[in-house]
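Engineer: Before I ask anything, here is the structure I am working with.
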Amino acid sequence: MCGIVGFTGKKQAAPILLDGLSKLEYRGYDSAGIAVRNGDKQVEVVKAKGRLRVLAEKTNDGQSMIGSCGIGHTRWATHGEPSEENAHPHCSDDGNVTAVHNGIIENYQDLKDKLVKKGYQFYSSTDTEVAVKLIDYYYKKYEHTPVDALNHAMVRIRGSYALAVMFKEYPEEIFVARKDSPMIIGVQDGESYLASDVPAILKYARNVYYIGNMEIGHLKKGEVKFFNLDGDEIQKELVEIKWDAEAAEKAGFEHFMMKEIHEQPKAVLDTLHSVLKVDEKDNSKKLDLSQVGLSDKDIKGISQIHIIACGSAYHVGVVAQYVIEDLAKIPVRVELASEFRYRNPILDRDGLVIIVSQSGETADSLAALREAKAKGVRTLAIVNVVGSSIAREADNVFYTLAGPEIAVATTKAYSTQLIAAYCLAIQFAKVRGEIRSNQYTDLLTELESLPDKIQRLIDDKERIQWFAAKQVNAKDIFFIGRGIDYAISLEGSLKMKEISYIHSEAYAAGELKHGTISLIEDGTLVIGVLTQSDLYEKTVSNMVECKSRGAYLCALTSYGNYNIEDTADFTTYIPKTDVHFAASLAVVPLQLMGYYVSVSRGLDVDKPRNLAKSVTVE
Ligand code: F6R
């Protein structure tokens with residue numbers, strides 16, 4: 001995720017900016033840059049692709065950049081490849097406005113088109129450059145007042161942002177604005193600091209202001225003022241930060257995995273909003289896959305789909321198989337990349353191969369992609385890391401906007417991959433005439449409600465914690481379900497085993513009696529996933545079969561199915577949703593279960609033994 005640092009004071013700015021950015025490195029980034037002003041001289045901007053040390057080398061650890069006011073940024077690419085050109089800070093054509101930005105501007109294309117008509121030119125592919133030029137436009141229109149310029153830009157920008165801006169006519173001053181993207185400001189010993197995240201300035205200032213949504217901050221040396229959207233000055237309270245540096249990196253959470261579980265509502269919403277647009281003609285919502293590069297003609301011509309991935313990304317594929325086949329009526333086959341690449345697959349020339357990968361670097365998935373391309377089949381990658389090998393080599397890319405994932409066990413990337421798969425399924429169904437307009441609208445409305453429902457599940461985490469604490473000595477755990485519930489079981493089981501080291505298996509509920517049921521003995525934990533109404537009774541019967549052999553039953557089902565409590569020993573509920581989207585909700589208690597069992601066993605949740613975040617070998 002991108003990081004922002006800013007400073008105005010008596011000391012040289014660049015070394016402080018570099019130091020602050022280094023404290024945000026853990027968040028992941030692909031390029032970095034700083035802009036420094038020396039009094040009222042022209043701003044100096046230095047950027048570098050890759051690691052922060054490249055930027056440090058270019059600037060002699062910041063010493064070569066003279067000036068005591070500046071802003072810095074580490075970029076995690078969302079719009080445009082990682083490159084020096086796309087790295088921040090970005091400047092307006094005449095150097096009037098220089099800014100760094102975190103977040104995603106959803107209507108950047110509309111704004112860009114309007115600015116182009118006003119004569120602005122663009123050198124990068126970023127949404128940030130659009131924001132910079134929009135601010136410049138309003139600054140020039142509204143009597144050179146930064147607060148007014150920012151207010152006008154904020155009203156026009158849709159999406160999320162934390163902006164730190166320097167104006168040529170305001171030397172030694174920095175202006176900030178934010179909506180749904182964090183930003184803090186610290187003041188200490190006559191100097192002012194700003195950052196997108198606490199660790200960046202913890203060393204310099206422990207008393208900070210949290211700038212609120214749709215608010216503006218104006219930093220001078222050791223002095224800060226705040227304004228609301230009307231331009232009126234507002235008062236804010238200084239808050240003392242009590243976290244130590246390590247806790248600050250995890251935003252106060254004990255582990256990255258827990259932090260990332262909590263980031264899911266936002267990651268899901270960001271990913272959805274990257275393709276869900278408002279049709280200005282009739283104000284209706286519709287999916288727009290033009291950025292993914294799929295036209296209606298392409299979609300109509302797809303004869304079959306192969307989804308290929310590894311691990312959790314493969315489990316997304318299993319869900320997607322059910323959803324795409326059910327909604328869009330296109331035959332789907334889902335395969336493990338390590339199997340696909342060596343079995344000389346028979347692929348239809350009019351087929352579509354979808355590769356799902358968080359890192360975009362998984363060796364088997366990359367090899368599968370190359371195999372499909374060699375056979376002349378169109379490839380679409382659902383990838384999180386912009387500019388990764390799979391993203392570069394695939395014909396089309398649907399980027400998930402999960403931000404960097406640090407914990408080895410995936411949570412938020414899995415959740416965003418599901419959203420991408422649902423969007424494809426719904427759009428394919430619509431374009432191929434398999435669903436009516438009202439069903440299309442209902443599905444999109446339901447998709448938009450998922451982030452709040454995920455949040456409710458996270459808010460209820462103590463109930464799972466209580467249950468998980470009692471499972472620390474479990475020897476084997478079985479996850480069973482049918483249809484999408486089987487796909488959910490696969491992910492629940494993987495989450496459990498990879499971080500708790502307890503053997504677990506996911507089984508298609510109806511398949512148990514063909515052998516595996518012999519493993520059920522007194523007290524074996526069986527978790528039944530029951531979100532699919534038409535399969536509910538069937539899976540309950542399979543759970544009863546386990547119970548009569550001594551199993552201890554946990555049920556995961558939707559609110560309303562209260563009769564399950566007659567059968568299960570412990571039940572946890574998820575909010576009601578369209579059956580196609582149940583995985584997005586049911587996975588959350590299962591992630592929490594794996595997490596809490598691991599913590600109760602005193603294990604290293606974020607770095608489980610024998611595992612790597614990115615599997616770049618076969
Ligand atoms: C499990 C997990 C892995 C990955 C798999 C694929 O929690 O994270 O199973 O899903 O290694 O990785 P990517 O998505 O980077 O291709």
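If you're wondering about the labels, chains in the structure tokens are A, B, ... by order shown, residues count from 1 in each chain, ligands from 1 in order shown.
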Let's see if you can do this: from backbone DSSP, list all strand (DSSP E or B) residues in range 338-507 of chain A, as number ranges by chain.

Structural biologist: A: 352-357, 378-383, 396-399, 476-481, 503-507

Engineer: Could those selected residues go to a file with C-alpha atoms, as a PDB file, in the first residue's frame?

Structural biologist:
```
ATOM      1  CA  LEU A 352     -10.738 -18.269 -22.042  1.00  0.00           C
ATOM      2  CA  VAL A 353      -8.057 -19.219 -19.543  1.00  0.00           C
ATOM      3  CA  ILE A 354      -8.297 -17.341 -16.245  1.00  0.00           C
ATOM      4  CA  ILE A 355      -5.222 -17.363 -14.005  1.00  0.00           C
ATOM      5  CA  VAL A 356      -5.806 -16.285 -10.398  1.00  0.00           C
ATOM      6  CA  SER A 357      -2.825 -15.111  -8.356  1.00  0.00           C
ATOM      7  CA  ARG A 378      -6.843 -15.924 -24.722  1.00  0.00           C
ATOM      8  CA  THR A 379      -5.692 -15.428 -21.145  1.00  0.00           C
ATOM      9  CA  LEU A 380      -7.108 -13.246 -18.394  1.00  0.00           C
ATOM     10  CA  ALA A 381      -5.256 -12.805 -15.104  1.00  0.00           C
ATOM     11  CA  ILE A 382      -6.895 -11.876 -11.808  1.00  0.00           C
ATOM     12  CA  VAL A 383      -3.839 -10.456 -10.048  1.00  0.00           C
ATOM     13  CA  ASN A 396      -6.013  -9.132 -20.093  1.00  0.00           C
ATOM     14  CA  VAL A 397      -5.764  -8.269 -16.411  1.00  0.00           C
ATOM     15  CA  PHE A 398      -8.391  -7.740 -13.739  1.00  0.00           C
ATOM     16  CA  TYR A 399      -6.509  -6.157 -10.856  1.00  0.00           C
ATOM     17  CA  ASP A 476      -7.933 -33.724  13.098  1.00  0.00           C
ATOM     18  CA  ILE A 477     -10.556 -31.327  11.831  1.00  0.00           C
ATOM     19  CA  PHE A 478     -12.928 -32.030   8.938  1.00  0.00           C
ATOM     20  CA  PHE A 479     -14.663 -29.326   6.933  1.00  0.00           C
ATOM     21  CA  ILE A 480     -17.611 -30.574   4.923  1.00  0.00           C
ATOM     22  CA  GLY A 481     -20.072 -29.012   2.504  1.00  0.00           C
ATOM     23  CA  HIS A 503      -4.312 -31.803  10.354  1.00  0.00           C
ATOM     24  CA  SER A 504      -7.509 -30.856   8.581  1.00  0.00           C
ATOM     25  CA  GLU A 505      -9.337 -31.986   5.494  1.00  0.00           C
ATOM     26  CA  ALA A 506     -12.067 -30.540   3.362  1.00  0.00           C
ATOM     27  CA  TYR A 507     -14.496 -33.057   2.007  1.00  0.00           C
TER      28      TYR A 507
END
```

Engineer: Just the residues within 6 Å of range 408-411 of chain A, please, counting only C-alpha atoms, with nothing from its chain fewer than 5 positions along; format it as a ChimeraX atom specification.

Structural biologist: /A:261,606-607,613

Engineer: Counting only C-alpha atoms and all ligand atoms, which residues in chain A sit no more than 9 Å from ligand 1? For each one, give the nearest pair of atoms and the distance in Å, sorted by chain then residue number, as JSON lines.

Structural biologist:
```
{"residue": "A:Ala309", "atom": "CA", "partner": "ligand 1", "partner_atom_place_in_ligand_line": "16 (O)", "distance": 6.5}
{"residue": "A:Cys310", "atom": "CA", "partner": "ligand 1", "partner_atom_place_in_ligand_line": "6 (C)", "distance": 4.6}
{"residue": "A:Gly311", "atom": "CA", "partner": "ligand 1", "partner_atom_place_in_ligand_line": "9 (O)", "distance": 3.2}
{"residue": "A:Ser312", "atom": "CA", "partner": "ligand 1", "partner_atom_place_in_ligand_line": "10 (O)", "distance": 3.7}
{"residue": "A:Ala313", "atom": "CA", "partner": "ligand 1", "partner_atom_place_in_ligand_line": "10 (O)", "distance": 4.6}
{"residue": "A:Tyr314", "atom": "CA", "partner": "ligand 1", "partner_atom_place_in_ligand_line": "10 (O)", "distance": 7.2}
{"residue": "A:His315", "atom": "CA", "partner": "ligand 1", "partner_atom_place_in_ligand_line": "10 (O)", "distance": 8.2}
{"residue": "A:Ile355", "atom": "CA", "partner": "ligand 1", "partner_atom_place_in_ligand_line": "16 (O)", "distance": 8.7}
{"residue": "A:Val356", "atom": "CA", "partner": "ligand 1", "partner_atom_place_in_ligand_line": "14 (O)", "distance": 6.4}
{"residue": "A:Ser357", "atom": "CA", "partner": "ligand 1", "partner_atom_place_in_ligand_line": "14 (O)", "distance": 3.4}
{"residue": "A:Gln358", "atom": "CA", "partner": "ligand 1", "partner_atom_place_in_ligand_line": "14 (O)", "distance": 3.5}
{"residue": "A:Ser359", "atom": "CA", "partner": "ligand 1", "partner_atom_place_in_ligand_line": "15 (O)", "distance": 3.6}
{"residue": "A:Gly360", "atom": "CA", "partner": "ligand 1", "partner_atom_place_in_ligand_line": "15 (O)", "distance": 5.7}
{"residue": "A:Glu361", "atom": "CA", "partner": "ligand 1", "partner_atom_place_in_ligand_line": "15 (O)", "distance": 6.3}
{"residue": "A:Thr362", "atom": "CA", "partner": "ligand 1", "partner_atom_place_in_ligand_line": "16 (O)", "distance": 4.6}
{"residue": "A:Ala363", "atom": "CA", "partner": "ligand 1", "partner_atom_place_in_ligand_line": "16 (O)", "distance": 8.1}
{"residue": "A:Asp364", "atom": "CA", "partner": "ligand 1", "partner_atom_place_in_ligand_line": "16 (O)", "distance": 8.4}
{"residue": "A:Ser365", "atom": "CA", "partner": "ligand 1", "partner_atom_place_in_ligand_line": "16 (O)", "distance": 6.5}
{"residue": "A:Leu366", "atom": "CA", "partner": "ligand 1", "partner_atom_place_in_ligand_line": "16 (O)", "distance": 8.6}
{"residue": "A:Val383", "atom": "CA", "partner": "ligand 1", "partner_atom_place_in_ligand_line": "14 (O)", "distance": 7.7}
{"residue": "A:Asn384", "atom": "CA", "partner": "ligand 1", "partner_atom_place_in_ligand_line": "14 (O)", "distance": 8.2}
{"residue": "A:Val385", "atom": "CA", "partner": "ligand 1", "partner_atom_place_in_ligand_line": "15 (O)", "distance": 8.8}
{"residue": "A:Ala407", "atom": "CA", "partner": "ligand 1", "partner_atom_place_in_ligand_line": "8 (O)", "distance": 8.4}
{"residue": "A:Val408", "atom": "CA", "partner": "ligand 1", "partner_atom_place_in_ligand_line": "8 (O)", "distance": 5.8}
{"residue": "A:Ala409", "atom": "CA", "partner": "ligand 1", "partner_atom_place_in_ligand_line": "7 (O)", "distance": 3.4}
{"residue": "A:Thr410", "atom": "CA", "partner": "ligand 1", "partner_atom_place_in_ligand_line": "7 (O)", "distance": 4.1}
{"residue": "A:Thr411", "atom": "CA", "partner": "ligand 1", "partner_atom_place_in_ligand_line": "7 (O)", "distance": 7.0}
{"residue": "A:Ala413", "atom": "CA", "partner": "ligand 1", "partner_atom_place_in_ligand_line": "14 (O)", "distance": 7.7}
{"residue": "A:Tyr414", "atom": "CA", "partner": "ligand 1", "partner_atom_place_in_ligand_line": "10 (O)", "distance": 7.4}
{"residue": "A:Glu491", "atom": "CA", "partner": "ligand 1", "partner_atom_place_in_ligand_line": "7 (O)", "distance": 8.1}
{"residue": "A:Leu494", "atom": "CA", "partner": "ligand 1", "partner_atom_place_in_ligand_line": "1 (C)", "distance": 6.7}
{"residue": "A:Lys495", "atom": "CA", "partner": "ligand 1", "partner_atom_place_in_ligand_line": "7 (O)", "distance": 6.0}
{"residue": "A:Glu498", "atom": "CA", "partner": "ligand 1", "partner_atom_place_in_ligand_line": "7 (O)", "distance": 7.2}
{"residue": "A:Ile499", "atom": "CA", "partner": "ligand 1", "partner_atom_place_in_ligand_line": "7 (O)", "distance": 8.7}
{"residue": "A:Leu611", "atom": "CA", "partner": "ligand 1", "partner_atom_place_in_ligand_line": "11 (O)", "distance": 8.8}
{"residue": "A:Ala612", "atom": "CA", "partner": "ligand 1", "partner_atom_place_in_ligand_line": "11 (O)", "distance": 7.9}
{"residue": "A:Lys613", "atom": "CA", "partner": "ligand 1", "partner_atom_place_in_ligand_line": "8 (O)", "distance": 6.7}
{"residue": "A:Ser614", "atom": "CA", "partner": "ligand 1", "partner_atom_place_in_ligand_line": "15 (O)", "distance": 5.4}
{"residue": "A:Val615", "atom": "CA", "partner": "ligand 1", "partner_atom_place_in_ligand_line": "11 (O)", "distance": 5.9}
{"residue": "A:Thr616", "atom": "CA", "partner": "ligand 1", "partner_atom_place_in_ligand_line": "15 (O)", "distance": 8.9}
```

Engineer: For the residues selected in the previous step, produce a file with N, CA, C and O atoms as a short mmCIF file (atom, residue, chain, number, x, y, z; two decimals), in the first residue's frame.

Structural biologist:
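The new file out.cif reads:
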```cif
data_model
loop_
_atom_site.label_atom_id
_atom_site.label_comp_id
_atom_site.auth_asym_id
_atom_site.auth_seq_id
_atom_site.Cartn_x
_atom_site.Cartn_y
_atom_site.Cartn_z
N ALA A 309 -4.97 -22.02 -10.99
CA ALA A 309 -4.35 -21.31 -9.87
C ALA A 309 -3.78 -22.31 -8.88
O ALA A 309 -3.90 -23.53 -9.07
N CYS A 310 -3.21 -21.79 -7.79
CA CYS A 310 -2.65 -22.63 -6.73
C CYS A 310 -3.26 -22.23 -5.39
O CYS A 310 -3.59 -21.05 -5.18
N GLY A 311 -3.32 -23.16 -4.47
CA GLY A 311 -3.69 -22.86 -3.07
C GLY A 311 -5.02 -22.15 -2.96
O GLY A 311 -6.02 -22.53 -3.59
N SER A 312 -5.02 -21.07 -2.18
CA SER A 312 -6.27 -20.34 -1.95
C SER A 312 -6.83 -19.77 -3.24
O SER A 312 -8.05 -19.67 -3.42
N ALA A 313 -5.94 -19.35 -4.13
CA ALA A 313 -6.40 -18.79 -5.40
C ALA A 313 -7.14 -19.87 -6.19
O ALA A 313 -8.13 -19.59 -6.89
N TYR A 314 -6.69 -21.13 -6.04
CA TYR A 314 -7.41 -22.25 -6.67
C TYR A 314 -8.80 -22.39 -6.03
O TYR A 314 -9.80 -22.64 -6.72
N HIS A 315 -8.87 -22.19 -4.73
CA HIS A 315 -10.17 -22.29 -4.05
C HIS A 315 -11.15 -21.22 -4.55
O HIS A 315 -12.35 -21.45 -4.62
N ILE A 355 -6.24 -17.03 -15.01
CA ILE A 355 -5.22 -17.36 -14.00
C ILE A 355 -5.48 -16.47 -12.80
O ILE A 355 -5.62 -15.25 -12.94
N VAL A 356 -5.56 -17.07 -11.61
CA VAL A 356 -5.81 -16.28 -10.40
C VAL A 356 -4.54 -16.32 -9.54
O VAL A 356 -4.02 -17.40 -9.25
N SER A 357 -4.05 -15.14 -9.17
CA SER A 357 -2.82 -15.11 -8.36
C SER A 357 -2.70 -13.79 -7.61
O SER A 357 -2.84 -12.72 -8.21
N GLN A 358 -2.44 -13.86 -6.33
CA GLN A 358 -2.19 -12.65 -5.55
C GLN A 358 -0.87 -12.02 -5.99
O GLN A 358 -0.82 -10.87 -6.39
N SER A 359 0.19 -12.82 -5.91
CA SER A 359 1.53 -12.28 -6.15
C SER A 359 1.79 -12.02 -7.63
O SER A 359 2.60 -11.15 -7.97
N GLY A 360 1.16 -12.80 -8.48
CA GLY A 360 1.46 -12.69 -9.91
C GLY A 360 2.80 -13.30 -10.26
O GLY A 360 3.30 -13.15 -11.38
N GLU A 361 3.41 -14.00 -9.31
CA GLU A 361 4.75 -14.57 -9.55
C GLU A 361 4.79 -16.08 -9.28
O GLU A 361 5.87 -16.68 -9.39
N THR A 362 3.68 -16.69 -8.93
CA THR A 362 3.70 -18.12 -8.60
C THR A 362 4.15 -18.93 -9.81
O THR A 362 3.55 -18.83 -10.90
N ALA A 363 5.20 -19.72 -9.62
CA ALA A 363 5.86 -20.37 -10.77
C ALA A 363 4.91 -21.25 -11.56
O ALA A 363 4.87 -21.18 -12.80
N ASP A 364 4.13 -22.09 -10.88
CA ASP A 364 3.24 -22.99 -11.60
C ASP A 364 2.15 -22.22 -12.35
O ASP A 364 1.77 -22.58 -13.46
N SER A 365 1.63 -21.17 -11.73
CA SER A 365 0.57 -20.39 -12.39
C SER A 365 1.12 -19.67 -13.62
O SER A 365 0.47 -19.59 -14.65
N LEU A 366 2.35 -19.18 -13.48
CA LEU A 366 2.99 -18.50 -14.60
C LEU A 366 3.24 -19.48 -15.75
O LEU A 366 2.98 -19.18 -16.93
N VAL A 383 -5.13 -10.60 -10.73
CA VAL A 383 -3.84 -10.46 -10.05
C VAL A 383 -3.89 -9.26 -9.10
O VAL A 383 -4.57 -8.27 -9.37
N ASN A 384 -3.13 -9.36 -8.02
CA ASN A 384 -3.09 -8.25 -7.06
C ASN A 384 -1.90 -7.32 -7.28
O ASN A 384 -2.01 -6.12 -7.11
N VAL A 385 -0.75 -7.91 -7.63
CA VAL A 385 0.46 -7.09 -7.74
C VAL A 385 0.60 -6.54 -9.17
O VAL A 385 0.81 -7.30 -10.12
N ALA A 407 0.96 -11.08 5.67
CA ALA A 407 0.83 -12.40 6.30
C ALA A 407 0.90 -13.46 5.20
O ALA A 407 0.35 -13.27 4.12
N VAL A 408 1.57 -14.57 5.50
CA VAL A 408 1.70 -15.63 4.50
C VAL A 408 0.31 -16.20 4.15
O VAL A 408 0.00 -16.43 2.98
N ALA A 409 -0.53 -16.40 5.15
CA ALA A 409 -1.87 -16.95 4.87
C ALA A 409 -2.73 -15.84 4.28
O ALA A 409 -2.96 -14.81 4.91
N THR A 410 -3.21 -16.08 3.09
CA THR A 410 -3.98 -15.03 2.43
C THR A 410 -5.37 -14.88 3.05
O THR A 410 -5.99 -15.85 3.45
N THR A 411 -5.83 -13.65 3.12
CA THR A 411 -7.20 -13.38 3.59
C THR A 411 -7.83 -12.35 2.64
O THR A 411 -8.72 -12.66 1.88
N ALA A 413 -6.63 -10.88 -0.02
CA ALA A 413 -6.46 -11.12 -1.46
C ALA A 413 -7.49 -12.14 -1.93
O ALA A 413 -8.13 -11.96 -2.98
N TYR A 414 -7.66 -13.21 -1.15
CA TYR A 414 -8.69 -14.22 -1.47
C TYR A 414 -10.05 -13.54 -1.63
O TYR A 414 -10.77 -13.78 -2.60
N GLU A 491 -11.15 -23.76 1.56
CA GLU A 491 -10.38 -22.62 2.05
C GLU A 491 -10.31 -22.63 3.58
O GLU A 491 -9.27 -22.33 4.16
N LEU A 494 -7.71 -25.13 4.62
CA LEU A 494 -6.34 -24.68 4.36
C LEU A 494 -5.92 -23.63 5.39
O LEU A 494 -4.80 -23.68 5.93
N LYS A 495 -6.82 -22.70 5.69
CA LYS A 495 -6.49 -21.67 6.68
C LYS A 495 -6.14 -22.34 8.00
O LYS A 495 -5.19 -21.96 8.68
N GLU A 498 -2.63 -24.56 7.70
CA GLU A 498 -1.36 -23.89 7.40
C GLU A 498 -0.85 -23.06 8.56
O GLU A 498 0.35 -22.89 8.71
N ILE A 499 -1.75 -22.54 9.40
CA ILE A 499 -1.24 -21.72 10.50
C ILE A 499 -1.36 -22.36 11.88
O ILE A 499 -0.70 -21.94 12.82
N LEU A 611 6.66 -22.30 4.86
CA LEU A 611 5.89 -21.61 3.81
C LEU A 611 6.53 -20.28 3.42
O LEU A 611 7.18 -19.64 4.24
N ALA A 612 6.29 -19.88 2.16
CA ALA A 612 6.75 -18.57 1.70
C ALA A 612 5.56 -17.82 1.14
O ALA A 612 4.59 -18.44 0.69
N LYS A 613 5.63 -16.51 1.16
CA LYS A 613 4.50 -15.72 0.66
C LYS A 613 4.33 -15.89 -0.84
O LYS A 613 3.23 -15.95 -1.34
N SER A 614 5.45 -15.92 -1.53
CA SER A 614 5.35 -16.04 -2.98
C SER A 614 6.12 -17.28 -3.41
O SER A 614 7.32 -17.39 -3.13
N VAL A 615 5.44 -18.23 -4.05
CA VAL A 615 6.08 -19.51 -4.37
C VAL A 615 6.61 -19.45 -5.80
O VAL A 615 5.92 -19.79 -6.76
N THR A 616 7.86 -19.01 -5.92
CA THR A 616 8.41 -18.78 -7.25
C THR A 616 9.22 -19.97 -7.77
O THR A 616 9.95 -19.86 -8.74
#
```

Engineer: Please provide as a VMD selection string all residues within 6 Å of range 573-579 of chain A, with the sequence filter that same-chain residues fewer than 2 positions apart are discarded (counting only C-alpha atoms).

Structural biologist: chain A and resid 532 556 to 559 581 to 582

Engineer: With only C-alpha atoms as the basis for distance, which of A:Met496, A:Ile307, A:Ala468, A:Leu163 is at the shortest distance from Ala99 in chain A?

Structural biologist: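 For Ala99 in chain A, the nearest of the given residues is A:Leu163.
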
Engineer: Would you kindly return, as a list in words, each protein, DNA or RNA residue with an atom no farther than 12 Å from any atom of Arg456 in chain A, considering only C-alpha atoms and excluding same-chain residues fewer than 6 positions away?

Structural biologist: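 Once the nearby chain positions are removed, what remains is His262, Gln264, Pro265, Ser449, Leu450, Glu462, Tyr573, Ile574, Pro575, Lys576, Leu585, Ala586, Val588 and Pro589 of chain A.
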
Engineer: With only C-alpha atoms as the counted atoms, please give the residues lying no more than 9 Å from Gln235 in chain A, apart from itself and same-chain residues fewer than 2 positions off, as a PyMOL selection string.

Structural biologist: chain A and resi 225-227+233+237

Engineer: For the residues in that selection, give me N, CA, C and O atoms as a compact mmCIF listing (two decimals), in the first residue's frame.

Structural biologist:
```txt
# COMPACT_ATOMS: atom_id res chain seq x y z
N LYS A 225 -3.26 24.24 10.94
CA LYS A 225 -4.66 24.67 10.99
C LYS A 225 -5.49 23.67 10.20
O LYS A 225 -5.00 23.08 9.24
N PHE A 226 -6.75 23.53 10.61
CA PHE A 226 -7.64 22.59 9.91
C PHE A 226 -8.87 23.31 9.40
O PHE A 226 -9.36 24.26 10.04
N PHE A 227 -9.39 22.83 8.28
CA PHE A 227 -10.56 23.46 7.65
C PHE A 227 -11.55 22.38 7.23
O PHE A 227 -11.15 21.27 6.87
N GLU A 233 -12.43 27.31 9.47
CA GLU A 233 -11.41 26.70 10.32
C GLU A 233 -12.09 25.86 11.40
O GLU A 233 -13.13 26.25 11.95
N GLU A 237 -8.22 17.85 18.25
CA GLU A 237 -7.52 17.51 19.49
C GLU A 237 -6.20 16.78 19.21
O GLU A 237 -6.14 15.95 18.30
```

Engineer: Using only C-alpha atoms, which protein or nucleic acid residues come within 10 Å of Arg370 in chain A? Drop anything in the same chain fewer than 3 positions from it, and give the result as number ranges by chain.

Structural biologist: A: 341, 364-367, 373-377, 379, 390, 393-394

Engineer: Now that the selection is made, can you save its residues with all heavy atoms as a short mmCIF file (atom, residue, chain, number, x, y, z; two decimals), in the first residue's frame?

Structural biologist:
```cif
data_model
loop_
_atom_site.label_atom_id
_atom_site.label_comp_id
_atom_site.auth_asym_id
_atom_site.auth_seq_id
_atom_site.Cartn_x
_atom_site.Cartn_y
_atom_site.Cartn_z
N ARG A 341 -0.13 -27.66 -16.11
CA ARG A 341 1.03 -27.38 -16.95
C ARG A 341 1.65 -28.64 -17.54
O ARG A 341 2.35 -28.58 -18.52
CB ARG A 341 2.08 -26.56 -16.17
CG ARG A 341 2.66 -27.27 -14.98
CD ARG A 341 3.65 -26.39 -14.22
NE ARG A 341 4.87 -26.15 -14.95
CZ ARG A 341 5.96 -25.63 -14.41
NH1 ARG A 341 5.96 -25.29 -13.12
NH2 ARG A 341 7.05 -25.45 -15.11
N ASP A 364 4.13 -22.09 -10.88
CA ASP A 364 3.24 -22.99 -11.60
C ASP A 364 2.15 -22.22 -12.35
O ASP A 364 1.77 -22.58 -13.46
CB ASP A 364 2.60 -23.99 -10.62
CG ASP A 364 3.60 -25.07 -10.20
OD1 ASP A 364 4.43 -25.46 -11.02
OD2 ASP A 364 3.54 -25.50 -9.02
N SER A 365 1.63 -21.17 -11.73
CA SER A 365 0.57 -20.39 -12.39
C SER A 365 1.12 -19.67 -13.62
O SER A 365 0.47 -19.59 -14.65
CB SER A 365 -0.04 -19.38 -11.41
OG SER A 365 -0.49 -20.05 -10.26
N LEU A 366 2.35 -19.18 -13.48
CA LEU A 366 2.99 -18.50 -14.60
C LEU A 366 3.24 -19.48 -15.75
O LEU A 366 2.98 -19.18 -16.93
CB LEU A 366 4.31 -17.86 -14.13
CG LEU A 366 5.10 -17.06 -15.16
CD1 LEU A 366 4.29 -15.91 -15.73
CD2 LEU A 366 6.39 -16.50 -14.52
N ALA A 367 3.69 -20.69 -15.39
CA ALA A 367 3.94 -21.70 -16.42
C ALA A 367 2.63 -22.09 -17.10
O ALA A 367 2.59 -22.28 -18.33
CB ALA A 367 4.60 -22.93 -15.79
N LYS A 373 -1.06 -19.69 -23.46
CA LYS A 373 -0.75 -18.73 -24.55
C LYS A 373 -0.12 -19.46 -25.74
O LYS A 373 -0.44 -19.17 -26.88
CB LYS A 373 0.20 -17.64 -24.03
CG LYS A 373 -0.52 -16.63 -23.15
CD LYS A 373 0.33 -15.43 -22.85
CE LYS A 373 0.34 -14.47 -24.00
NZ LYS A 373 0.99 -13.20 -23.70
N ALA A 374 0.74 -20.41 -25.41
CA ALA A 374 1.40 -21.16 -26.49
C ALA A 374 0.36 -21.91 -27.33
O ALA A 374 0.57 -22.17 -28.51
CB ALA A 374 2.41 -22.13 -25.90
N LYS A 375 -0.74 -22.26 -26.70
CA LYS A 375 -1.79 -22.98 -27.43
C LYS A 375 -2.76 -22.01 -28.11
O LYS A 375 -3.81 -22.41 -28.62
CB LYS A 375 -2.55 -23.91 -26.47
CG LYS A 375 -1.73 -25.12 -26.04
CD LYS A 375 -2.58 -26.08 -25.25
CE LYS A 375 -1.82 -27.29 -24.74
NZ LYS A 375 -1.26 -28.17 -25.72
N GLY A 376 -2.43 -20.73 -28.04
CA GLY A 376 -3.21 -19.73 -28.77
C GLY A 376 -4.54 -19.37 -28.13
O GLY A 376 -5.45 -18.89 -28.80
N VAL A 377 -4.65 -19.60 -26.82
CA VAL A 377 -5.92 -19.30 -26.15
C VAL A 377 -5.79 -17.97 -25.40
O VAL A 377 -4.74 -17.67 -24.82
CB VAL A 377 -6.27 -20.44 -25.15
CG1 VAL A 377 -7.59 -20.14 -24.45
CG2 VAL A 377 -6.37 -21.73 -25.90
N THR A 379 -5.91 -15.28 -22.58
CA THR A 379 -5.69 -15.43 -21.14
C THR A 379 -6.09 -14.15 -20.40
O THR A 379 -5.85 -13.04 -20.87
CB THR A 379 -4.20 -15.73 -20.84
OG1 THR A 379 -3.41 -14.70 -21.46
CG2 THR A 379 -3.77 -17.08 -21.35
N ILE A 390 2.82 -12.39 -14.13
CA ILE A 390 1.56 -12.88 -14.69
C ILE A 390 0.76 -11.71 -15.26
O ILE A 390 0.17 -11.81 -16.35
CB ILE A 390 0.76 -13.67 -13.62
CG1 ILE A 390 1.53 -14.96 -13.29
CG2 ILE A 390 -0.66 -13.96 -14.07
CD1 ILE A 390 0.94 -15.81 -12.19
N GLU A 393 2.30 -10.72 -18.62
CA GLU A 393 2.23 -11.65 -19.75
C GLU A 393 0.81 -12.02 -20.18
O GLU A 393 0.60 -12.47 -21.31
CB GLU A 393 3.03 -12.92 -19.41
CG GLU A 393 4.51 -12.62 -19.28
CD GLU A 393 5.36 -13.87 -19.15
OE1 GLU A 393 4.95 -14.94 -19.64
OE2 GLU A 393 6.44 -13.76 -18.54
N ALA A 394 -0.17 -11.82 -19.31
CA ALA A 394 -1.55 -12.19 -19.67
C ALA A 394 -2.09 -11.21 -20.71
O ALA A 394 -1.67 -10.05 -20.76
CB ALA A 394 -2.42 -12.18 -18.44
#
```
